[in-house]
>>> print(open('structure.csv').read())   # CSV, C-alpha atoms and all ligand atoms
chain,number,residue,atom,x,y,z
A,940,THR,CA,-14.3,14.8,11.0
A,941,LYS,CA,-13.5,11.2,11.9
A,942,ILE,CA,-12.0,8.7,9.5
A,943,LEU,CA,-11.9,4.9,9.9
A,944,VAL,CA,-8.5,3.5,8.8
A,945,THR,CA,-8.4,-0.3,8.5
A,946,GLY,CA,-5.0,-2.0,8.7
A,947,VAL,CA,-3.9,1.0,10.8
A,948,ASN,CA,-1.0,-0.9,12.4
A,949,GLY,CA,0.5,-1.6,9.0
A,950,TYR,CA,3.3,0.2,7.2
A,951,ILE,CA,1.0,2.4,5.0
A,952,GLY,CA,-2.0,2.6,7.4
A,953,SER,CA,0.1,4.0,10.3
A,954,TRP,CA,1.5,6.8,8.0
A,955,ILE,CA,-2.1,7.6,6.8
A,956,ALA,CA,-3.2,7.8,10.4
A,957,ARG,CA,-0.4,10.2,11.3
A,958,SER,CA,-1.1,12.4,8.3
A,959,LEU,CA,-4.8,12.6,9.3
A,960,LEU,CA,-4.0,13.3,12.9
A,961,GLU,CA,-1.5,16.0,12.0
A,962,ARG,CA,-4.3,17.8,10.1
A,963,GLY,CA,-6.5,17.8,13.1
A,964,ILE,CA,-8.7,14.9,11.8
A,965,ALA,CA,-9.8,12.2,14.2
A,966,VAL,CA,-8.9,8.6,13.4
A,967,LEU,CA,-10.6,5.4,14.3
A,968,GLY,CA,-8.1,2.7,13.6
A,969,ALA,CA,-9.1,-0.9,13.1
A,970,VAL,CA,-6.8,-3.6,14.4
A,971,ARG,CA,-7.2,-7.3,14.9
A,972,SER,CA,-6.4,-7.3,18.6
A,973,GLU,CA,-5.6,-5.1,21.5
A,974,ASN,CA,-2.0,-6.2,21.3
A,975,LYS,CA,-1.7,-5.1,17.7
A,976,GLY,CA,-2.8,-1.6,18.7
A,977,ARG,CA,-0.4,-1.1,21.6
A,978,HIS,CA,2.5,0.4,19.7
A,979,LEU,CA,0.2,3.0,18.0
A,980,ARG,CA,-1.4,4.0,21.3
A,981,GLU,CA,2.0,5.0,22.5
A,982,LEU,CA,3.0,6.6,19.2
A,983,PHE,CA,-0.1,8.7,19.0
A,984,ALA,CA,-0.5,9.3,22.7
A,985,SER,CA,-0.2,13.1,22.3
A,986,TYR,CA,-3.3,13.1,20.1
A,987,GLU,CA,-5.3,11.8,23.1
A,988,GLU,CA,-8.9,11.0,22.3
A,989,ARG,CA,-8.5,12.1,18.7
A,990,PHE,CA,-6.9,8.7,18.1
A,991,GLN,CA,-9.1,5.7,18.9
A,992,LEU,CA,-8.9,2.0,18.1
A,993,VAL,CA,-11.6,-0.5,17.3
A,994,GLN,CA,-11.0,-4.3,17.3
A,995,VAL,CA,-12.1,-6.2,14.3
A,996,PRO,CA,-10.8,-9.7,15.0
A,997,ASP,CA,-11.8,-11.3,11.7
A,998,ILE,CA,-12.5,-9.3,8.5
A,999,MET,CA,-14.0,-12.4,6.8
A,1000,VAL,CA,-16.9,-12.5,9.2
A,1001,ASP,CA,-20.2,-11.0,7.9
A,1002,GLY,CA,-20.9,-7.6,9.5
A,1003,ALA,CA,-17.3,-7.4,10.9
A,1004,PHE,CA,-17.2,-3.6,10.3
A,1005,ASP,CA,-20.9,-2.9,11.2
A,1006,GLU,CA,-19.9,-1.1,14.4
A,1007,ALA,CA,-16.7,0.5,13.2
A,1008,VAL,CA,-18.5,2.5,10.5
A,1009,LEU,CA,-21.3,3.9,12.7
A,1010,ASP,CA,-19.8,7.2,13.6
A,1011,VAL,CA,-17.3,8.0,10.9
A,1012,ASP,CA,-17.3,10.5,8.0
A,1013,GLY,CA,-15.0,8.5,5.7
A,1014,VAL,CA,-13.2,5.3,5.4
A,1015,ILE,CA,-9.7,4.3,4.2
A,1016,HIS,CA,-9.3,0.5,3.7
A,1017,THR,CA,-5.7,-0.6,3.7
A,1018,ALA,CA,-6.1,-4.0,5.4
A,1019,SER,CA,-5.3,-6.9,3.1
A,1020,PRO,CA,-2.8,-9.7,3.3
A,1021,VAL,CA,0.6,-8.6,2.0
A,1022,VAL,CA,1.7,-12.2,1.9
A,1023,LEU,CA,4.0,-13.7,-0.8
A,1024,THR,CA,4.2,-17.2,0.7
A,1025,ALA,CA,0.6,-18.4,0.4
A,1026,VAL,CA,0.2,-22.0,-0.7
A,1027,ASP,CA,-3.6,-22.0,-0.9
A,1028,PRO,CA,-4.6,-18.9,-3.1
A,1029,GLY,CA,-7.6,-18.6,-0.8
A,1030,GLU,CA,-5.3,-17.5,2.0
A,1031,VAL,CA,-4.7,-14.1,0.3
A,1032,ILE,CA,-7.8,-13.9,-2.0
A,1033,GLY,CA,-10.3,-14.6,0.8
A,1034,PRO,CA,-9.4,-11.8,3.2
A,1035,ALA,CA,-8.7,-9.4,0.4
A,1036,MET,CA,-12.1,-9.9,-1.3
A,1037,LYS,CA,-14.3,-10.6,1.7
A,1038,GLY,CA,-12.6,-7.9,3.7
A,1039,THR,CA,-13.3,-5.3,1.0
A,1040,LEU,CA,-16.8,-6.4,0.3
A,1041,GLY,CA,-17.7,-6.8,3.9
A,1042,LEU,CA,-16.5,-3.3,4.6
A,1043,LEU,CA,-18.5,-1.8,1.8
A,1044,THR,CA,-21.6,-3.7,2.9
A,1045,SER,CA,-21.2,-2.4,6.4
A,1046,VAL,CA,-20.8,1.1,5.1
A,1047,ALA,CA,-23.9,0.8,2.9
A,1048,LYS,CA,-25.9,-0.5,5.8
A,1049,PHE,CA,-24.6,1.5,8.8
A,1050,GLY,CA,-22.2,4.2,7.6
A,1051,THR,CA,-24.9,6.9,7.5
A,1052,ASN,CA,-22.3,9.8,7.8
A,1053,VAL,CA,-19.8,8.3,5.3
A,1054,GLN,CA,-19.2,10.4,2.3
A,1055,ARG,CA,-16.3,8.6,0.7
A,1056,VAL,CA,-14.5,5.2,0.9
A,1057,VAL,CA,-10.9,5.0,-0.3
A,1058,VAL,CA,-9.6,1.5,-1.0
A,1059,THR,CA,-5.8,0.9,-1.2
A,1060,SER,CA,-5.4,-1.4,-4.2
A,1061,SER,CA,-2.1,-1.8,-6.0
A,1062,CYS,CA,-0.3,-1.6,-9.3
A,1063,THR,CA,-0.3,-5.4,-9.0
A,1064,ALA,CA,-4.0,-5.1,-9.9
A,1065,VAL,CA,-2.9,-3.1,-13.0
A,1066,PHE,CA,0.2,-4.5,-14.6
A,1067,HIS,CA,1.0,-7.8,-16.2
A,1068,PHE,CA,4.5,-9.0,-17.0
A,1069,PRO,CA,5.1,-7.6,-20.5
A,1070,SER,CA,7.4,-9.0,-23.2
A,1071,GLU,CA,8.5,-5.5,-24.1
A,1072,PRO,CA,8.6,-2.1,-22.3
A,1073,THR,CA,5.1,-1.1,-21.5
A,1074,VAL,CA,3.4,2.0,-20.0
A,1075,PHE,CA,0.3,0.9,-18.0
A,1076,SER,CA,-2.6,3.1,-17.1
A,1077,GLU,CA,-5.8,3.0,-15.1
A,1078,THR,CA,-7.6,1.2,-17.9
A,1079,ASP,CA,-5.3,-1.9,-17.5
A,1080,TRP,CA,-6.2,-4.8,-15.3
A,1081,ASN,CA,-3.9,-7.7,-14.2
A,1082,GLU,CA,-5.9,-10.5,-15.8
A,1083,GLN,CA,-2.7,-12.5,-16.2
A,1084,ALA,CA,-2.4,-13.2,-12.5
A,1085,VAL,CA,-6.0,-14.1,-12.1
A,1086,LYS,CA,-5.8,-16.5,-15.1
A,1087,GLU,CA,-2.6,-18.1,-13.7
A,1088,VAL,CA,-4.3,-18.7,-10.3
A,1089,GLU,CA,-7.5,-20.1,-12.1
A,1090,GLU,CA,-5.4,-22.5,-14.1
A,1091,LYS,CA,-2.7,-23.5,-11.6
A,1092,GLY,CA,-4.4,-23.1,-8.2
A,1093,SER,CA,-1.9,-23.6,-5.4
A,1094,ASN,CA,0.9,-24.3,-8.0
A,1095,ALA,CA,0.6,-20.7,-9.3
A,1096,SER,CA,3.5,-18.4,-8.3
A,1097,PHE,CA,3.4,-16.6,-5.0
A,1098,ALA,CA,3.4,-13.3,-6.9
A,1099,ALA,CA,0.5,-14.3,-9.0
A,1100,LYS,CA,-1.6,-15.3,-5.9
A,1101,TYR,CA,-0.9,-11.9,-4.3
A,1102,CYS,CA,-1.5,-10.0,-7.6
A,1103,ALA,CA,-4.8,-11.9,-8.1
A,1104,SER,CA,-5.9,-11.1,-4.6
A,1105,LYS,CA,-5.5,-7.4,-5.3
A,1106,THR,CA,-7.1,-7.5,-8.7
A,1107,LEU,CA,-10.1,-9.5,-7.5
A,1108,ALA,CA,-10.6,-7.4,-4.4
A,1109,GLU,CA,-10.5,-4.2,-6.4
A,1110,LYS,CA,-12.9,-5.6,-9.0
A,1111,ALA,CA,-15.3,-6.6,-6.3
A,1112,ALA,CA,-15.2,-3.1,-4.9
A,1113,TRP,CA,-16.0,-1.5,-8.3
A,1114,ASP,CA,-18.7,-4.1,-8.9
A,1115,PHE,CA,-20.3,-3.4,-5.6
A,1116,PHE,CA,-20.1,0.4,-6.2
A,1117,ASN,CA,-21.4,0.3,-9.7
A,1118,GLU,CA,-24.3,-1.9,-8.8
A,1119,SER,CA,-25.4,0.4,-6.0
A,1120,LYS,CA,-24.4,3.7,-7.6
A,1121,GLY,CA,-27.0,6.4,-7.2
A,1122,THR,CA,-28.5,4.8,-4.2
A,1123,LEU,CA,-25.6,5.4,-1.9
A,1124,PRO,CA,-24.7,8.7,-0.2
A,1125,TRP,CA,-21.0,7.9,-0.6
A,1126,ASP,CA,-18.6,7.3,-3.5
A,1127,LEU,CA,-15.5,5.2,-4.0
A,1128,THR,CA,-11.9,6.1,-4.8
A,1129,VAL,CA,-9.2,3.5,-5.4
A,1130,ILE,CA,-5.5,4.2,-5.1
A,1131,ASN,CA,-3.0,2.0,-7.0
A,1132,PRO,CA,0.5,2.4,-5.7
A,1133,PRO,CA,3.6,0.5,-7.1
A,1134,ASN,CA,6.3,-0.6,-4.6
A,1135,VAL,CA,6.2,1.6,-1.5
A,1136,HIS,CA,9.5,2.6,0.1
A,1137,GLY,CA,10.5,5.0,2.9
A,1138,PRO,CA,10.9,4.9,6.7
A,1139,PHE,CA,8.3,3.1,8.9
A,1140,ILE,CA,6.5,4.2,12.0
A,1141,ASN,CA,4.7,0.9,12.6
A,1142,GLU,CA,6.1,-1.8,14.9
A,1143,VAL,CA,9.0,-3.6,13.1
A,1144,PRO,CA,11.3,-5.4,15.5
A,1145,ASN,CA,13.9,-6.5,13.0
A,1146,PRO,CA,14.7,-6.3,9.2
A,1147,GLN,CA,13.1,-9.7,8.6
A,1148,SER,CA,9.8,-8.2,9.8
A,1149,LEU,CA,9.8,-5.4,7.3
A,1150,GLY,CA,7.1,-5.6,4.6
A,1151,TYR,CA,7.9,-7.2,1.3
A,1152,ALA,CA,9.0,-4.1,-0.6
A,1153,THR,CA,10.9,-2.5,2.3
A,1154,ASN,CA,12.6,-5.8,3.1
A,1155,GLU,CA,13.6,-6.1,-0.6
A,1156,TRP,CA,15.1,-2.6,-0.4
A,1157,TYR,CA,17.0,-3.5,2.7
A,1158,ASN,CA,18.3,-6.7,1.2
A,1159,ILE,CA,19.5,-5.1,-2.0
A,1160,VAL,CA,20.6,-1.6,-1.1
A,1161,VAL,CA,22.0,-2.3,2.4
A,1162,ARG,CA,23.1,-6.0,2.1
A,1163,GLY,CA,23.8,-6.2,-1.6
A,1164,ASP,CA,21.8,-9.4,-2.1
A,1165,MET,CA,21.5,-9.1,-5.9
A,1166,SER,CA,23.7,-9.9,-8.9
A,1167,ALA,CA,25.1,-7.0,-10.9
A,1168,GLU,CA,23.2,-8.2,-13.9
A,1169,ASP,CA,19.9,-8.2,-12.1
A,1170,MET,CA,20.7,-4.8,-10.6
A,1171,THR,CA,20.6,-3.1,-14.0
A,1172,SER,CA,17.6,-5.0,-15.4
A,1173,LYS,CA,15.3,-5.6,-12.4
A,1174,GLY,CA,13.2,-3.0,-10.8
A,1175,HIS,CA,9.7,-1.5,-10.9
A,1176,CYS,CA,8.1,1.8,-10.0
A,1177,TRP,CA,8.0,3.3,-6.5
A,1178,VAL,CA,6.5,5.9,-4.3
A,1179,ASP,CA,7.5,7.1,-0.8
A,1180,VAL,CA,5.1,5.9,1.9
A,1181,ARG,CA,4.6,9.5,3.1
A,1182,ASP,CA,3.6,10.8,-0.3
A,1183,LEU,CA,1.3,7.8,-0.6
A,1184,ALA,CA,-0.3,8.7,2.7
A,1185,GLU,CA,-0.9,12.3,1.3
A,1186,ALA,CA,-2.5,10.8,-1.8
A,1187,HIS,CA,-4.9,8.9,0.4
A,1188,ILE,CA,-5.9,12.1,2.3
A,1189,ARG,CA,-6.5,13.9,-1.1
A,1190,ALA,CA,-8.4,10.8,-2.2
A,1191,LEU,CA,-10.8,11.4,0.7
A,1192,PHE,CA,-11.3,15.1,0.3
A,1193,VAL,CA,-10.8,16.0,-3.4
A,1194,ASP,CA,-14.2,16.0,-5.1
A,1195,ALA,CA,-12.9,15.0,-8.5
A,1196,ALA,CA,-11.4,11.8,-7.1
A,1197,GLY,CA,-14.9,10.3,-6.5
A,1198,GLY,CA,-15.5,7.2,-8.7
A,1199,GLU,CA,-11.9,7.2,-9.9
A,1200,ARG,CA,-9.1,4.6,-9.9
A,1201,ILE,CA,-5.8,6.5,-9.5
A,1202,ILE,CA,-2.2,5.3,-10.0
A,1203,VAL,CA,0.2,7.1,-7.6
A,1204,SER,CA,3.7,6.5,-8.8
A,1205,ALA,CA,6.9,8.7,-8.4
A,1206,GLY,CA,8.6,6.9,-11.3
A,1207,PRO,CA,10.5,3.8,-12.4
A,1208,TYR,CA,13.8,2.5,-11.2
A,1209,VAL,CA,16.3,-0.4,-11.7
A,1210,TRP,CA,18.0,-1.3,-8.4
A,1211,GLN,CA,21.3,0.1,-9.5
A,1212,ASP,CA,19.7,3.6,-9.4
A,1213,TRP,CA,19.0,3.2,-5.7
A,1214,LEU,CA,22.6,2.0,-5.1
A,1215,ASP,CA,24.0,5.0,-6.9
A,1216,VAL,CA,21.7,7.4,-5.0
A,1217,ALA,CA,22.4,5.8,-1.6
A,1218,ASN,CA,26.2,5.9,-2.2
A,1219,SER,CA,26.0,9.6,-3.3
A,1220,LEU,CA,24.6,10.6,0.1
A,1221,ALA,CA,27.2,11.8,2.6
A,1222,MET,CA,26.6,9.1,5.1
A,1223,GLN,CA,30.1,8.0,6.2
A,1224,SER,CA,29.0,5.7,9.0
A,1225,ARG,CA,28.4,2.7,6.8
A,1226,ARG,CA,29.7,1.1,3.7
A,1227,LEU,CA,27.0,0.2,1.2
A,1228,PRO,CA,27.3,-2.2,-1.8
A,1229,VAL,CA,28.1,-0.2,-5.0
A,1230,GLY,CA,27.1,-2.6,-7.8
A,1231,VAL,CA,28.3,-1.2,-11.1
A,1232,PRO,CA,28.0,2.6,-10.6
A,1233,GLY,CA,26.1,4.4,-13.4
A,1234,ALA,CA,25.1,1.2,-15.1
A,1235,GLY,CA,21.5,1.8,-14.4
A,1236,ALA,CA,21.5,5.0,-16.5
A,1237,GLY,CA,20.9,3.3,-19.9
A,1238,ALA,CA,18.5,0.7,-18.5
A,1239,GLN,CA,15.2,0.3,-20.2
A,1240,TYR,CA,12.3,0.2,-17.8
A,1241,LEU,CA,10.1,-2.8,-18.5
A,1242,MET,CA,7.1,-1.3,-16.7
A,1243,SER,CA,6.1,2.2,-16.1
A,1244,TYR,CA,2.8,4.1,-15.5
A,1245,ASP,CA,0.9,6.9,-17.1
A,1246,THR,CA,0.5,9.3,-14.1
A,1247,GLY,CA,-1.6,11.9,-15.9
A,1248,LYS,CA,-4.7,11.2,-13.8
A,1249,GLN,CA,-2.8,11.6,-10.6
A,1250,GLU,CA,-1.4,14.9,-11.8
A,1251,ARG,CA,-4.8,16.2,-12.9
A,1252,ILE,CA,-6.7,15.2,-9.8
A,1253,PHE,CA,-4.2,15.3,-7.0
A,1254,GLY,CA,-1.3,17.3,-8.4
A,1255,LEU,CA,1.1,15.7,-5.9
A,1256,GLY,CA,4.8,16.4,-5.8
A,1257,PHE,CA,7.0,13.5,-4.9
A,1258,ARG,CA,10.0,12.9,-2.8
A,1259,THR,CA,13.1,12.1,-4.7
A,1260,LYS,CA,15.1,8.8,-4.4
A,1261,ALA,CA,17.7,10.8,-2.5
A,1262,ASP,CA,15.1,12.1,0.0
A,1263,THR,CA,13.7,8.6,0.6
A,1264,ALA,CA,17.1,6.8,0.7
A,1265,ARG,CA,18.5,9.3,3.2
A,1266,ASP,CA,15.6,8.9,5.6
A,1267,VAL,CA,15.5,5.1,5.3
A,1268,LEU,CA,19.3,4.8,5.8
A,1269,ASN,CA,19.2,7.1,8.8
A,1270,GLN,CA,16.5,5.0,10.3
A,1271,PHE,CA,18.3,1.8,9.7
A,1272,ALA,CA,21.6,3.3,11.1
A,1273,HIS,CA,19.7,4.5,14.2
A,1274,LEU,CA,18.4,1.0,14.8
A,1275,GLY,CA,21.7,-0.6,14.2
A,1276,TRP,CA,20.4,-2.6,11.2
A,1301,LIG,P1,1.3,-4.3,6.1
A,1301,LIG,O1,1.5,-5.8,6.1
A,1301,LIG,O2,2.3,-3.5,6.8
A,1301,LIG,O3,-0.1,-3.9,6.6
A,1301,LIG,C1,-1.2,-4.7,6.3
A,1301,LIG,C2,-2.3,-4.4,7.2
A,1301,LIG,O4,-3.4,-5.2,6.9
A,1301,LIG,C3,-2.0,-4.8,8.7
A,1301,LIG,O5,-2.6,-3.9,9.5
A,1301,LIG,C4,-2.6,-6.2,8.8
A,1301,LIG,O6,-3.0,-6.5,10.1
A,1301,LIG,C5,-3.8,-6.0,7.9
A,1301,LIG,N1,-4.3,-7.3,7.5
A,1301,LIG,C6,-3.6,-8.2,6.7
A,1301,LIG,N2,-4.3,-9.3,6.5
A,1301,LIG,C7,-5.4,-9.2,7.3
A,1301,LIG,C8,-6.5,-10.0,7.6
A,1301,LIG,N3,-6.6,-11.3,7.1
A,1301,LIG,N4,-7.4,-9.6,8.5
A,1301,LIG,C9,-7.3,-8.4,9.1
A,1301,LIG,N5,-6.3,-7.5,8.8
A,1301,LIG,C10,-5.4,-7.9,7.9
A,1301,LIG,O7,1.2,-3.9,4.6
A,1301,LIG,P2,1.2,-2.5,3.9
A,1301,LIG,O8,0.9,-1.4,4.8
A,1301,LIG,O9,2.4,-2.4,3.0
A,1301,LIG,O10,0.0,-2.7,2.9
A,1301,LIG,C11,-1.3,-2.0,3.1
A,1301,LIG,C12,-2.0,-2.0,1.8
A,1301,LIG,O11,-1.3,-1.5,0.7
A,1301,LIG,C13,-2.4,-3.5,1.3
A,1301,LIG,O12,-3.7,-3.5,0.8
A,1301,LIG,C14,-1.4,-3.7,0.2
A,1301,LIG,O13,-1.9,-4.7,-0.7
A,1301,LIG,C15,-1.3,-2.4,-0.4
A,1301,LIG,N6,0.0,-2.1,-1.1
A,1301,LIG,C16,1.2,-2.2,-0.5
A,1301,LIG,C17,2.4,-1.9,-1.3
A,1301,LIG,C18,3.7,-2.0,-0.6
A,1301,LIG,O14,4.7,-1.9,-1.3
A,1301,LIG,N7,3.9,-2.0,0.7
A,1301,LIG,C19,2.3,-1.7,-2.7
A,1301,LIG,C20,1.0,-1.6,-3.2
A,1301,LIG,C21,-0.1,-1.8,-2.5
A,1301,LIG,P3,-2.1,-7.5,11.0
A,1301,LIG,O15,-0.9,-6.7,11.5
A,1301,LIG,O16,-3.0,-7.9,12.1
A,1301,LIG,O17,-1.7,-8.7,10.1
>>> encode(input="structure.csv", output="structure tokens", more="lines below")
Ligand code: NDP
Amino acid sequence: TKILVTGVNGYIGSWIARSLLERGIAVLGAVRSENKGRHLRELFASYEERFQLVQVPDIMVDGAFDEAVLDVDGVIHTASPVVLTAVDPGEVIGPAMKGTLGLLTSVAKFGTNVQRVVVTSSCTAVFHFPSEPTVFSETDWNEQAVKEVEEKGSNASFAAKYCASKTLAEKAAWDFFNESKGTLPWDLTVINPPNVHGPFINEVPNPQSLGYATNEWYNIVVRGDMSAEDMTSKGHCWVDVRDLAEAHIRALFVDAAGGERIIVSAGPYVWQDWLDVANSLAMQSRRLPVGVPGAGAGAQYLMSYDTGKQERIFGLGFRTKADTARDVLNQFAHLGW
């Protein structure tokens, strides 16, 4: 079995590749350039020819994935701009939508052995900013962000542009799939994760180069860059990157996942919860900010997710905040961050 993983040099893509390789499954990883693949070649050297790379320099070009899909049995598409600084909304919406649609088109034309395509969407394609505590489910779509971008264009918030890119890309994937359903030998599964935390194995030279959510964790839990008031009111839901990788593997192989959109969340938090957990770990080597210990306990979570579908189809168990915090802090300590 060989699986194409796009965005394989990213935070999530690299963990997915490792999980596949550890199971004895071959990986064809798509990267933009030879240079982008160098770190992974070294990281996965022990897997020899079971780990291969293919260069796809521009995912916006028609037919970009035509060759990459020729000889694979499944596809996991993680590549999409995780950019929260875009001025022109097209900067994120273009590669997100065209990348996804182009990939599905290539699979439909040339992926004769492909049985399933898994697309990494996001809870940003699910939620909207609610005025009262809300439990979202797979039936929800972030129309709010799309509307903001339609109305305000480049004046829309950075978050809205990113959320709209994920919503529109996922919708495009389902439209493509629903239009060709019955005529295709493969089906589609979409995974919607909230904020992803946990150690990284991709190339990250310094804390500033961490992805958006991991960088936020570093800034708040390690550096204390947040007011006490925000610490007990701000937060979201989360999942450990390694559990999310496992969810992607199940998405490939569990029959019942076909045709489903599945939220994969370990639960909600406010930032004070992470501070309390981090400080409860016996890690004497560093002093962490403490915030207001225990003040997160009574916090109301503004957004949470119904995870019934995940439980039913994947039945995943999740790492705890303590598991994740320990591994991240150990990695940061090891790197001297
Ligand atoms: P990373 O930024 O670490 O990885 C993104 C990957 O996508 C990289 O390989 C990157 O390649 C590739 N990519 C981005 N833009 C383009 C483009 N225009 N053309 C080709 N490749 C591109 O992010 P994550 O691993 O965190 O994200 C992976 C997926 O998970 C994304 O779809 C993201 O939306 C989704 N997600 C992430 C969450 C999180 O908290 N991290 C939460 C929810 C969803 P390159 O290195 O060349 O730029």
>>> residues_near_ligand(input="structure.csv", ligand="ligand LIG 1301 (chain A)", cutoff="6 Å", atoms="all atoms listed in the file", output="list in words")
Gly946, Val947, Asn948, Gly949, Tyr950, Ile951, Gly952, Arg971, Asp997, Ile998, Thr1017, Ala1018, Ser1019, Pro1020, Val1021, Pro1034, Thr1059, Ser1060, Ser1061, Pro1132, Pro1133, Asn1134, Val1135, Gly1150 and Ala1152 of chain A
>>> residues_around(input="structure.csv", residues="A:Ala1221", least_positions_apart="6", cutoff="12 Å", atoms="only C-alpha atoms", output="list in words")
Leu1227, Ala1261, Ala1264, Arg1265, Leu1268 and Asn1269 of chain A
>>> residues_around(input="structure.csv", residues="A:Ala1095", least_positions_apart="6", cutoff="10 Å", atoms="all atoms listed in the file", output="list in words")
Ala1025, Val1026, Asp1027, Pro1028, Ala1084, Val1085, Lys1086, Glu1087, Val1088 and Glu1089 of chain A
>>> residues_near_point(input="structure.csv", point="(-21.2, -11.7, 10.1)", cutoff="12 Å", atoms="all atoms listed in the file", output="ChimeraX atom specification")
/A:995-1006,1037-1038,1040-1042,1044-1045
>>> atom_distance(input="structure.csv", atom1="atom CA of A:Pro1207", atom2="atom CA of A:His1175")
5.6 Å
>>> atom_distance(input="structure.csv", atom1="atom CA of A:Ala1184", atom2="atom CA of A:Ile955")
4.6 Å
>>> closest_residue(input="structure.csv", among="A:Ser1093, A:Gln1147, A:Ser1166, A:Gln1083", to="A:Phe1068", atoms="only C-alpha atoms")
A:Gln1083
>>> closest_residue(input="structure.csv", among="A:Arg977, A:His1187, A:Lys1248, A:His1016", to="A:Met1036", atoms="only C-alpha atoms")
A:His1016
>>> closest_residue(input="structure.csv", among="A:Thr1063, A:Asn1052, A:Ser1070, A:Ser1119", to="A:Ala1103", atoms="only C-alpha atoms")
A:Thr1063
>>> closest_atom_pairs(input="structure.csv", of="stretch 1132-1248 of chain A", to="stretch 980-985 of chain A", cutoff="12 Å", atoms="only C-alpha atoms", output="tab-separated table")
residue	atom	partner	partner_atom	distance
A:Ile1140	CA	A:Leu982	CA	8.4
A:Asn1141	CA	A:Leu982	CA	8.9
A:Glu1142	CA	A:Leu982	CA	9.9
>>> residues_around(input="structure.csv", residues="A:Arg1181", least_positions_apart="6", cutoff="10 Å", atoms="only C-alpha atoms", output="JSON, numbers by chain")
{"A": [951, 954, 955, 957, 958, 1135, 1136, 1137, 1138, 1139, 1187, 1257, 1258, 1263]}
>>> residues_near_point(input="structure.csv", point="(13.3, -6.2, -3.8)", cutoff="12 Å", atoms="all atoms listed in the file", output="VMD selection string")
chain A and resid 1134 to 1136 1149 to 1165 1169 to 1170 1173 to 1177 1208 to 1211 1213
>>> closest_residue(input="structure.csv", among="A:Arg1251, A:His978, A:Arg1189, A:Lys1048", to="A:Val1008", atoms="all atoms listed in the file")
A:Lys1048
>>> closest_residue(input="structure.csv", among="A:Asn974, A:Thr1024, A:Ser1076, A:Thr940", to="A:Asp1010", atoms="all atoms listed in the file")
A:Thr940
>>> atom_distance(input="structure.csv", atom1="atom CA of A:Phe990", atom2="atom CA of A:Leu967")
6.2 Å
>>> closest_residue(input="structure.csv", among="A:Val1065, A:Ile1015, A:Ala1112, A:Asp1212", to="A:Val1231", atoms="only C-alpha atoms")
A:Asp1212
